[in-house]
$ cat protein-v6.txt   # compact mmCIF, C-alpha atoms
# COMPACT_ATOMS: atom_id res chain seq x y z
CA MET C 1 0.00 0.00 0.00
CA LYS C 2 1.38 3.37 -1.07
CA HIS C 3 1.29 6.29 1.35
CA SER C 4 0.23 9.84 0.49
CA ILE C 5 2.91 12.53 0.92
CA TYR C 6 0.12 15.06 1.41
CA LYS C 7 -1.26 13.12 4.38
CA ILE C 8 2.22 12.63 5.84
CA PHE C 9 2.93 16.36 5.73
CA LYS C 10 -0.55 17.07 7.07
CA ASN C 11 0.23 14.81 10.03
CA LEU C 12 3.61 16.50 10.39
CA ASN C 13 1.88 19.88 10.59
CA LEU C 14 -0.40 18.46 13.28
CA LEU C 15 2.63 17.17 15.17
CA LEU C 16 4.24 20.62 15.04
CA LEU C 17 0.98 22.20 16.22
CA ILE C 18 0.80 19.77 19.14
CA SER C 19 4.43 20.55 20.01
CA LEU C 20 3.67 24.27 19.95
CA THR C 21 0.59 23.73 22.12
CA LEU C 22 2.61 21.65 24.56
CA ALA C 23 5.26 24.38 24.74
CA PHE C 24 2.55 27.00 25.34
CA ILE C 25 0.96 24.92 28.12
CA GLY C 26 4.39 24.46 29.66
CA PHE C 27 4.94 28.22 29.50
CA VAL C 28 1.58 28.84 31.21
CA PHE C 29 2.49 26.26 33.86
CA ILE C 30 5.83 28.00 34.53
CA ILE C 31 4.11 31.40 34.79
CA GLU C 32 1.58 30.01 37.26
CA GLN C 33 4.34 28.38 39.30
CA TYR C 34 6.09 31.75 39.38
CA TYR C 35 2.92 33.45 40.63
CA SER C 36 2.46 30.67 43.20
CA HIS C 37 5.99 31.23 44.49
CA GLU C 38 5.31 34.97 44.66
CA LYS C 39 2.07 34.29 46.53
CA ILE C 40 3.81 32.26 49.24
CA GLU C 41 6.51 34.92 49.54
CA ASN C 42 3.79 37.58 49.75
CA LEU C 43 1.99 35.71 52.54
CA GLN C 44 5.25 35.22 54.45
CA ASN C 45 5.92 38.96 54.18
CA GLN C 46 2.46 39.66 55.61
CA LYS C 47 3.24 37.40 58.58
CA THR C 48 6.51 39.24 59.17
CA THR C 49 4.85 42.66 58.96
CA LEU C 50 2.00 41.68 61.33
CA THR C 51 4.45 40.22 63.84
CA ARG C 52 6.51 43.40 63.73
CA ILE C 53 3.38 45.48 64.34
CA ILE C 54 2.34 43.41 67.36
CA GLU C 55 5.81 43.04 68.88
CA GLU C 56 7.05 46.61 68.66
CA GLU C 57 6.50 48.92 71.65
CA LYS C 58 3.43 51.01 70.91
CA LYS C 59 3.58 54.64 71.80
CA SER C 60 1.26 57.29 70.54
CA ASN C 61 3.92 59.33 68.82
CA GLU C 62 4.16 60.56 65.27
CA ILE C 63 6.97 58.20 64.17
CA ASN C 64 5.21 55.04 65.39
CA ILE C 65 1.94 56.11 63.80
CA ILE C 66 3.71 56.74 60.46
CA LYS C 67 5.41 53.30 60.67
CA PHE C 68 2.09 51.67 61.57
CA ASN C 69 0.28 53.31 58.64
CA ALA C 70 3.09 52.28 56.29
CA ASP C 71 2.89 48.63 57.46
CA ILE C 72 -0.91 48.61 57.12
CA ALA C 73 -0.68 50.10 53.63
CA GLN C 74 1.88 47.46 52.64
CA ILE C 75 -0.35 44.62 53.82
CA ASN C 76 -3.34 46.12 51.97
CA HIS C 77 -1.18 46.36 48.86
CA ASP C 78 -0.01 42.72 49.24
CA ILE C 79 -3.57 41.41 49.58
CA GLU C 80 -4.76 43.45 46.58
CA LYS C 81 -1.78 42.20 44.56
CA LEU C 82 -2.73 38.59 45.30
CA LYS C 83 -6.30 39.25 44.14
CA ASN C 84 -5.10 40.79 40.87
CA GLN C 85 -2.65 37.97 40.21
CA GLY C 86 -5.50 35.49 40.57
CA GLN C 87 -6.93 36.44 37.16
CA TYR C 88 -3.79 35.07 35.48
CA ASN C 89 -4.02 31.67 37.14
CA TYR C 90 -5.55 29.96 34.12
CA ILE C 91 -4.77 26.47 35.35
CA SER C 92 -6.60 27.14 38.63
CA LYS C 93 -9.53 28.52 36.63
CA TYR C 94 -9.96 25.81 34.05
CA ILE C 95 -8.21 22.66 35.29
CA THR C 96 -7.85 22.39 39.08
CA LYS C 97 -11.03 24.47 39.59
CA ASN C 98 -9.81 26.08 42.84
CA GLN C 99 -9.85 29.71 41.71
CA GLU C 100 -13.03 30.49 43.69
CA THR C 101 -11.53 28.94 46.83
CA ASN C 102 -8.39 31.07 46.42
CA GLN C 103 -10.44 34.24 46.08
CA LYS C 104 -12.58 33.32 49.11
CA ASP C 105 -9.43 32.75 51.19
CA LEU C 106 -8.14 36.20 50.23
CA ASN C 107 -11.50 37.83 51.02
CA ASP C 108 -11.58 36.13 54.44
CA LEU C 109 -7.98 37.19 55.05
CA ASN C 110 -8.87 40.77 54.15
CA THR C 111 -11.83 40.67 56.58
CA LEU C 112 -9.59 39.48 59.43
CA PHE C 113 -7.01 42.08 58.57
CA GLN C 114 -9.56 44.94 58.55
CA ALA C 115 -10.70 43.90 62.03
CA PHE C 116 -7.06 43.85 63.15
CA TYR C 117 -6.55 47.29 61.61
CA THR C 118 -9.57 48.74 63.45
CA THR C 119 -8.37 47.36 66.78
CA SER C 120 -4.83 48.60 66.12
CA ARG C 121 -6.07 52.14 65.57
CA GLU C 122 -7.86 51.99 68.91
CA TYR C 123 -4.64 50.84 70.52
CA PHE C 124 -2.83 54.01 69.46
CA LYS C 125 -5.38 56.36 71.04
CA ASP C 126 -4.33 58.12 74.29
CA TYR C 127 -7.61 58.38 76.21
CA HIS C 128 -7.91 54.67 77.15
CA THR C 129 -7.51 53.59 80.74
CA ASN C 130 -5.02 50.89 81.58
CA LYS C 131 -7.85 48.36 81.86
CA GLU C 132 -9.30 49.33 78.49
CA LEU C 133 -5.83 49.27 76.98
CA SER C 134 -5.27 45.78 78.35
CA ILE C 135 -8.55 44.55 76.85
CA ILE C 136 -7.67 46.11 73.48
CA LEU C 137 -4.20 44.56 73.59
CA ASP C 138 -5.67 41.12 74.36
CA SER C 139 -8.10 41.52 71.47
CA LEU C 140 -5.28 42.67 69.20
CA THR C 141 -3.12 39.71 70.19
CA HIS C 142 -6.01 37.30 69.55
CA GLN C 143 -6.71 38.83 66.13
CA HIS C 144 -3.01 38.67 65.30
CA THR C 145 -2.96 34.96 66.20
CA GLN C 146 -6.07 34.39 64.03
CA ILE C 147 -4.48 36.10 61.04
CA ILE C 148 -1.16 34.27 61.47
CA ASP C 149 -2.99 30.93 61.72
CA TYR C 150 -5.09 31.78 58.68
CA LEU C 151 -1.99 32.82 56.72
CA ASP C 152 -0.38 29.48 57.60
CA LEU C 153 -3.55 27.72 56.42
CA VAL C 154 -3.53 29.61 53.11
CA ILE C 155 0.16 28.81 52.61
CA ILE C 156 -0.46 25.11 53.29
CA LYS C 157 -3.41 25.16 50.85
CA ASN C 158 -1.28 26.84 48.22
CA ILE C 159 1.46 24.23 48.63
CA SER C 160 -1.21 21.52 48.35
CA TYR C 161 -2.55 23.13 45.16
CA ASP C 162 0.97 23.26 43.78
CA ASN C 163 1.42 19.56 44.47
CA ASP C 164 -1.93 18.71 42.83
CA ARG C 165 -1.09 20.85 39.83
CA PHE C 166 2.37 19.31 39.54
CA ASN C 167 0.95 15.78 39.74
CA ILE C 168 -1.58 16.52 37.00
CA PHE C 169 0.89 18.20 34.67
CA SER C 170 3.76 15.83 35.31
CA LYS C 171 1.60 12.90 34.15
CA LEU C 172 0.21 14.92 31.24
CA PHE C 173 3.67 16.06 30.12
CA ILE C 174 5.12 12.55 30.40
CA LEU C 175 2.25 11.18 28.30
CA LEU C 176 2.52 13.94 25.70
CA LEU C 177 6.30 13.68 25.53
CA LEU C 178 6.00 9.93 25.04
CA LEU C 179 3.46 10.42 22.25
CA LEU C 180 5.61 13.14 20.67
CA PHE C 181 8.67 10.92 20.82
CA ILE C 182 6.84 8.02 19.16
CA SER C 183 5.26 10.36 16.56
CA THR C 184 8.59 12.04 15.84
CA VAL C 185 10.37 8.72 15.31
CA TRP C 186 7.47 7.54 13.12
CA GLN C 187 7.39 10.74 11.04
CA LYS C 188 11.18 10.73 10.75
CA LYS C 189 11.01 7.25 9.29
CA ARG C 190 8.34 8.30 6.81
CA LEU C 191 10.26 11.41 5.78
CA ASN C 192 13.34 9.23 5.28
CA ASP C 193 11.27 6.91 3.06
CA ILE C 194 10.07 9.91 1.04
CA TYR C 195 13.68 11.07 0.70
CA LYS C 196 14.63 7.60 -0.59
CA ASP C 197 11.78 7.86 -3.11
CA ILE C 198 13.13 11.19 -4.32
CA LEU C 199 16.64 9.74 -4.65
CA PHE C 200 15.17 6.84 -6.64
CA LEU C 201 13.30 9.26 -8.87
CA TYR C 202 16.48 11.30 -9.28
CA SER C 203 18.66 8.33 -10.23
CA MET C 204 16.21 5.99 -12.01
CA ASP C 205 19.11 3.63 -12.67
CA ALA C 206 19.03 -0.07 -13.41
CA GLU C 207 20.47 -1.02 -10.02
CA LYS C 208 17.25 0.07 -8.31
CA LYS C 209 14.75 -1.84 -10.40
CA ASN C 210 13.72 -3.87 -7.33
CA TYR C 211 13.17 -0.77 -5.21
CA THR C 212 9.65 -0.54 -3.72
CA ILE C 213 8.29 3.00 -3.89
CA PHE C 214 6.80 4.22 -0.62
CA SER C 215 4.67 7.21 -1.65
CA GLN C 216 1.70 7.54 -4.03
CA GLU C 217 2.88 10.78 -5.62
CA ILE C 218 6.40 9.52 -6.40
CA ASP C 219 4.90 6.29 -7.75
CA ALA C 220 2.64 8.30 -10.08
CA ILE C 221 5.56 10.45 -11.27
CA SER C 222 7.72 7.37 -11.80
CA MET C 223 5.01 5.66 -13.85
CA ARG C 224 4.51 8.82 -15.87
CA MET C 225 8.25 9.13 -16.57
CA LYS C 226 8.53 5.49 -17.61
CA ARG C 227 5.50 5.62 -19.87
CA LYS C 228 6.53 8.85 -21.49
CA ASN C 229 9.98 7.42 -22.15
CA GLN C 230 8.50 4.27 -23.64
CA VAL C 231 6.34 6.24 -26.06
CA SER C 232 8.84 8.99 -26.78
CA ASP C 233 11.39 6.34 -27.73
CA ASN C 234 9.12 5.63 -30.67
CA PRO C 235 8.87 8.71 -32.97
CA THR C 236 5.71 7.36 -34.55
CA MET C 237 3.88 7.93 -31.24
CA MET C 238 4.76 11.63 -31.04
CA ASP C 239 3.63 14.74 -32.91
CA GLN C 240 6.81 16.10 -34.42
CA ILE C 241 5.77 19.76 -34.27
CA THR C 242 4.41 20.05 -30.74
CA GLU C 243 6.37 17.12 -29.19
CA ILE C 244 3.26 15.80 -27.44
CA TYR C 245 1.40 12.57 -28.29
CA ASN C 246 -0.22 12.10 -31.63
CA ASN C 247 -3.44 10.08 -32.00
CA LYS C 248 -1.59 6.75 -32.03
CA GLY C 249 0.50 7.67 -28.98
CA MET C 250 -2.61 8.85 -27.10
CA ILE C 251 -4.49 5.59 -27.69
CA GLN C 252 -1.52 3.41 -26.74
CA THR C 253 -0.76 5.44 -23.61
CA TYR C 254 -4.42 5.32 -22.55
CA SER C 255 -4.50 1.54 -23.04
CA GLN C 256 -1.46 1.23 -20.75
CA ARG C 257 -3.00 3.39 -18.04
CA LYS C 258 -6.63 2.32 -18.06
CA ASN C 259 -5.92 -0.66 -15.81
CA ILE C 260 -4.64 1.59 -13.05
CA GLN C 261 -7.09 1.53 -10.16
CA ASP C 262 -8.21 5.12 -9.84
CA ASN C 263 -11.29 6.52 -8.10
CA ASN C 264 -11.09 9.75 -10.10
CA PHE C 265 -13.51 10.89 -12.79
CA THR C 266 -12.22 11.06 -16.37
CA CYS C 267 -13.25 13.42 -19.15
CA ILE C 268 -12.54 13.60 -22.87
CA ALA C 269 -12.19 17.17 -24.18
CA ILE C 270 -11.44 18.10 -27.77
CA LEU C 271 -10.26 21.66 -28.36
CA GLU C 272 -10.09 23.21 -31.81
CA ILE C 273 -8.21 26.43 -32.62
CA ASP C 274 -10.74 28.93 -33.95
CA ASN C 275 -8.39 31.05 -36.02
CA PHE C 276 -7.38 28.60 -38.74
CA SER C 277 -8.11 25.21 -40.28
CA LYS C 278 -6.84 22.99 -43.10
CA ALA C 279 -9.38 24.44 -45.50
CA LYS C 280 -8.51 28.03 -44.63
CA ARG C 281 -4.79 28.63 -44.29
CA THR C 282 -4.42 32.36 -43.83
CA PHE C 283 -0.94 32.13 -42.27
CA SER C 284 2.36 30.64 -43.35
CA GLN C 285 3.30 27.13 -42.30
CA ASN C 286 6.07 28.36 -39.98
CA PHE C 287 3.74 30.79 -38.24
CA ILE C 288 1.06 28.10 -37.82
CA GLN C 289 3.65 25.78 -36.30
CA GLU C 290 4.63 28.52 -33.84
CA ILE C 291 0.97 28.87 -32.79
CA LEU C 292 0.60 25.09 -32.39
CA LYS C 293 3.70 24.95 -30.18
CA LYS C 294 2.44 27.77 -27.95
CA VAL C 295 -1.00 26.17 -27.61
CA SER C 296 0.41 22.71 -26.82
CA TYR C 297 2.80 24.18 -24.27
CA THR C 298 -0.05 26.07 -22.57
CA ILE C 299 -2.13 22.89 -22.37
CA SER C 300 0.82 20.93 -20.92
CA LEU C 301 0.99 23.37 -17.98
CA TYR C 302 -2.28 21.88 -16.69
CA GLU C 303 -1.30 18.25 -17.29
CA GLN C 304 -1.24 16.08 -14.15
CA SER C 305 0.29 12.64 -13.57
CA ASN C 306 -2.62 10.59 -14.96
CA ASP C 307 -3.56 13.03 -17.76
CA ILE C 308 -2.94 12.54 -21.46
CA ILE C 309 -2.74 15.36 -24.01
CA ALA C 310 -2.34 14.90 -27.74
CA ARG C 311 -2.55 16.74 -31.04
CA THR C 312 -5.02 14.59 -32.90
CA ASP C 313 -5.78 16.73 -35.97
CA TYR C 314 -4.45 19.74 -37.86
CA ASN C 315 -5.81 22.27 -35.36
CA GLN C 316 -7.33 19.94 -32.75
CA PHE C 317 -6.05 18.79 -29.37
CA THR C 318 -7.51 15.96 -27.31
CA LEU C 319 -7.32 16.16 -23.52
CA ILE C 320 -7.94 13.15 -21.29
CA PHE C 321 -8.06 14.57 -17.76
CA SER C 322 -8.50 12.69 -14.47
CA ARG C 323 -9.72 14.55 -11.35
CA PRO C 324 -11.35 13.74 -7.96
CA ASP C 325 -14.66 15.39 -8.93
CA LYS C 326 -16.56 16.24 -12.10
CA ASP C 327 -16.71 19.99 -11.51
CA GLN C 328 -12.92 20.17 -11.30
CA LEU C 329 -12.64 18.53 -14.72
CA PHE C 330 -14.65 21.29 -16.39
CA LYS C 331 -12.86 24.02 -14.37
CA ASP C 332 -9.42 22.79 -15.45
CA VAL C 333 -10.36 22.41 -19.12
CA ASP C 334 -11.94 25.87 -19.08
CA LEU C 335 -8.76 27.23 -17.47
CA VAL C 336 -6.85 25.80 -20.43
CA ARG C 337 -9.24 27.64 -22.76
CA GLN C 338 -8.78 30.92 -20.86
CA SER C 339 -4.98 30.54 -20.80
CA ILE C 340 -4.85 29.97 -24.55
CA ALA C 341 -6.93 33.14 -25.04
CA ASP C 342 -4.30 35.00 -23.00
CA ILE C 343 -1.42 33.97 -25.28
CA GLN C 344 0.40 37.03 -26.64
CA ILE C 345 1.32 36.56 -30.30
CA SER C 346 1.90 38.85 -33.28
CA SER C 347 1.40 38.06 -36.93
CA PRO C 348 4.28 38.40 -39.44
CA ASP C 349 3.06 41.94 -40.20
CA LYS C 350 3.35 42.80 -36.47
CA LYS C 351 -0.37 42.81 -35.76
CA ALA C 352 -1.60 41.34 -32.47
CA ILE C 353 -3.54 38.12 -32.89
CA GLN C 354 -5.74 36.49 -30.29
CA ILE C 355 -5.71 32.72 -30.36
CA THR C 356 -8.90 31.10 -29.05
CA VAL C 357 -10.20 27.56 -28.91
CA THR C 358 -13.66 26.03 -28.86
CA GLY C 359 -14.22 22.66 -27.27
CA GLY C 360 -16.55 19.86 -26.40
CA LEU C 361 -16.20 18.01 -23.10
CA ILE C 362 -17.82 14.78 -21.96
CA ILE C 363 -17.40 12.70 -18.81
CA LYS C 364 -16.30 9.17 -19.65
CA SER C 365 -17.97 6.18 -18.02
CA LYS C 366 -15.65 3.59 -16.51
CA ASN C 367 -14.73 0.65 -18.74
CA ALA C 368 -16.39 2.32 -21.74
CA PRO C 369 -14.49 2.37 -25.08
CA LEU C 370 -12.32 5.48 -25.52
CA GLU C 371 -13.21 5.78 -29.22
CA GLU C 372 -16.92 6.10 -28.42
CA TYR C 373 -16.36 9.07 -26.12
CA ILE C 374 -13.93 10.71 -28.53
CA ARG C 375 -16.74 10.57 -31.11
CA LYS C 376 -19.21 12.09 -28.62
CA ALA C 377 -16.73 14.84 -27.72
CA LYS C 378 -16.33 15.67 -31.43
CA GLU C 379 -20.10 15.91 -31.80
CA LEU C 380 -20.18 18.34 -28.86
CA LEU C 381 -17.36 20.32 -30.48
CA GLN C 382 -19.36 20.67 -33.72
CA SER C 383 -22.40 21.84 -31.76
CA ALA C 384 -20.27 24.34 -29.85
CA LYS C 385 -18.82 25.74 -33.09
CA HIS C 386 -22.34 26.46 -34.35
CA ILE C 387 -23.16 28.35 -31.14
CA GLY C 388 -20.04 30.49 -31.08
CA SER C 389 -16.32 30.43 -30.34
CA ASN C 390 -13.93 30.59 -27.38
CA LYS C 391 -16.03 28.34 -25.16
CA VAL C 392 -16.10 24.76 -23.88
CA LEU C 393 -19.49 23.05 -23.92
CA GLN C 394 -20.82 19.99 -22.17
CA THR C 395 -23.88 17.95 -23.11
CA LYS C 396 -26.08 19.92 -20.71
CA ASP C 397 -25.07 23.19 -22.46
CA ILE C 398 -26.42 22.19 -25.87
CA PRO C 399 -29.88 23.69 -26.48
CA LYS C 400 -32.60 21.10 -26.85
CA GLN C 401 -34.32 21.01 -30.27
$ encode --input "protein-v6.txt" --output "structure tokens"
Amino acid sequence: MKHSIYKIFKNLNLLLLISLTLAFIGFVFIIEQYYSHEKIENLQNQKTTLTRIIEEEKKSNEINIIKFNADIAQINHDIEKLKNQGQYNYISKYITKNQETNQKDLNDLNTLFQAFYTTSREYFKDYHTNKELSIILDSLTHQHTQIIDYLDLVIIKNISYDNDRFNIFSKLFILLLLLLFISTVWQKKRLNDIYKDILFLYSMDAEKKNYTIFSQEIDAISMRMKRKNQVSDNPTMMDQITEIYNNKGMIQTYSQRKNIQDNNFTCIAILEIDNFSKAKRTFSQNFIQEILKKVSYTISLYEQSNDIIARTDYNQFTLIFSRPDKDQLFKDVDLVRQSIADIQISSPDKKAIQITVTGGLIIKSKNAPLEEYIRKAKELLQSAKHIGSNKVLQTKDIPKQ
């Protein structure tokens, strides 16, 4: 079974896309780990600041109040920073599903801190009695303990989330890396086989006659090269002016290829140059030969591996095209017609001449005789010539009598 190069490269593109996605996920994971590390450091800093506030001697003087306000502002800033960083924790949002819990922890922490802040402000006031001051200090110490305990709980939770996230991604990365390794080795082997096919096609020497071609496209090109060489070795199979098949070469080549299993549709199209015919030779023989060469060359630009093109009459060309769908057959033949109309050529007296062709196209049934459909295509051509010029007609285009 031959393998399609197109599919191999399509799979290779998918492999590269998966690799890019894996790298992006890894980048997101690293960013989130960085934010997680910052979060723990942030929480530790809050513990340090709160401990400093509670342990320092409190006196209602301007310096202590300034230091207290600075510490409180720093803690507020740290909590707000954690809340803002939470929006970038995509893994927590979409995979571990603990984003809401993280935000709730920060909201609860902020509530505890605001209570601590209110009590701290009371502590700095001068009008309290010693008893009231003692009660406030006890309350402040209790709130401080609550916040420290809650900070420890949040840190432990964060470490637990990190472990869960690491366990999920470590398994995912190992699996993906394993799949990428297997896919890379597999694709490397296939690319190496394609390279061998290209070397075979390049050399085409007798020593490699037993070589088994790996890819469909190279196999088709190889068959085309061999068949063309077989026919071109015999001058009687070729049109001497245009160097494409003549009628005999077309029929023999088609008989060689018709046994190839192909799911494509096949059409027979006969194109006739509108500007001249055998009966009406308005140009010199050399000039006519120049036109025929330009037309045949233009047609050959659209020839694919299983196609056959031939000059089968004085000013007629027969095209046997094979395509995956019927619409594409007509589109390609009509593109040939348009390209011929675009040929730039000047007559011997330097006047611009437009070369156009009129054609008849018919879809060939499988296993039907080629000669029968050539006859039908010629009948379509004659009908098309009565309707006008520079067009390709199918059976459905012929007006019903």
$ closest_residue --input "protein-v6.txt" --among "C:Thr49, C:Ser120, C:Thr141, C:Gln187" --to "Ile65 in chain C" --atoms "only C-alpha atoms"
C:Ser120
$ closest_residue --input "protein-v6.txt" --among "C:Ala220, C:Leu178, C:Ala73, C:Ile40" --to "Ile159 in chain C" --atoms "all atoms listed in the file"
C:Ile40
$ atom_distance --input "protein-v6.txt" --atom1 "CA of Lys391 in chain C" --atom2 "CA of Gln240 in chain C"
27.5 Å
$ atom_distance --input "protein-v6.txt" --atom1 "CA of Ile362 in chain C" --atom2 "CA of Ile398 in chain C"
12.0 Å
$ residues_around --input "protein-v6.txt" --residues "range 110-117 of chain C" --least-positions-apart "3" --cutoff "7 Å" --atoms "only C-alpha atoms" --output "list in words"
Leu106, Asn107, Ser120, Arg121, Leu140, Gln143, His144 and Ile147 of chain C
$ atom_distance --input "protein-v6.txt" --atom1 "CA of Ala23 in chain C" --atom2 "CA of Phe173 in chain C"
10.0 Å
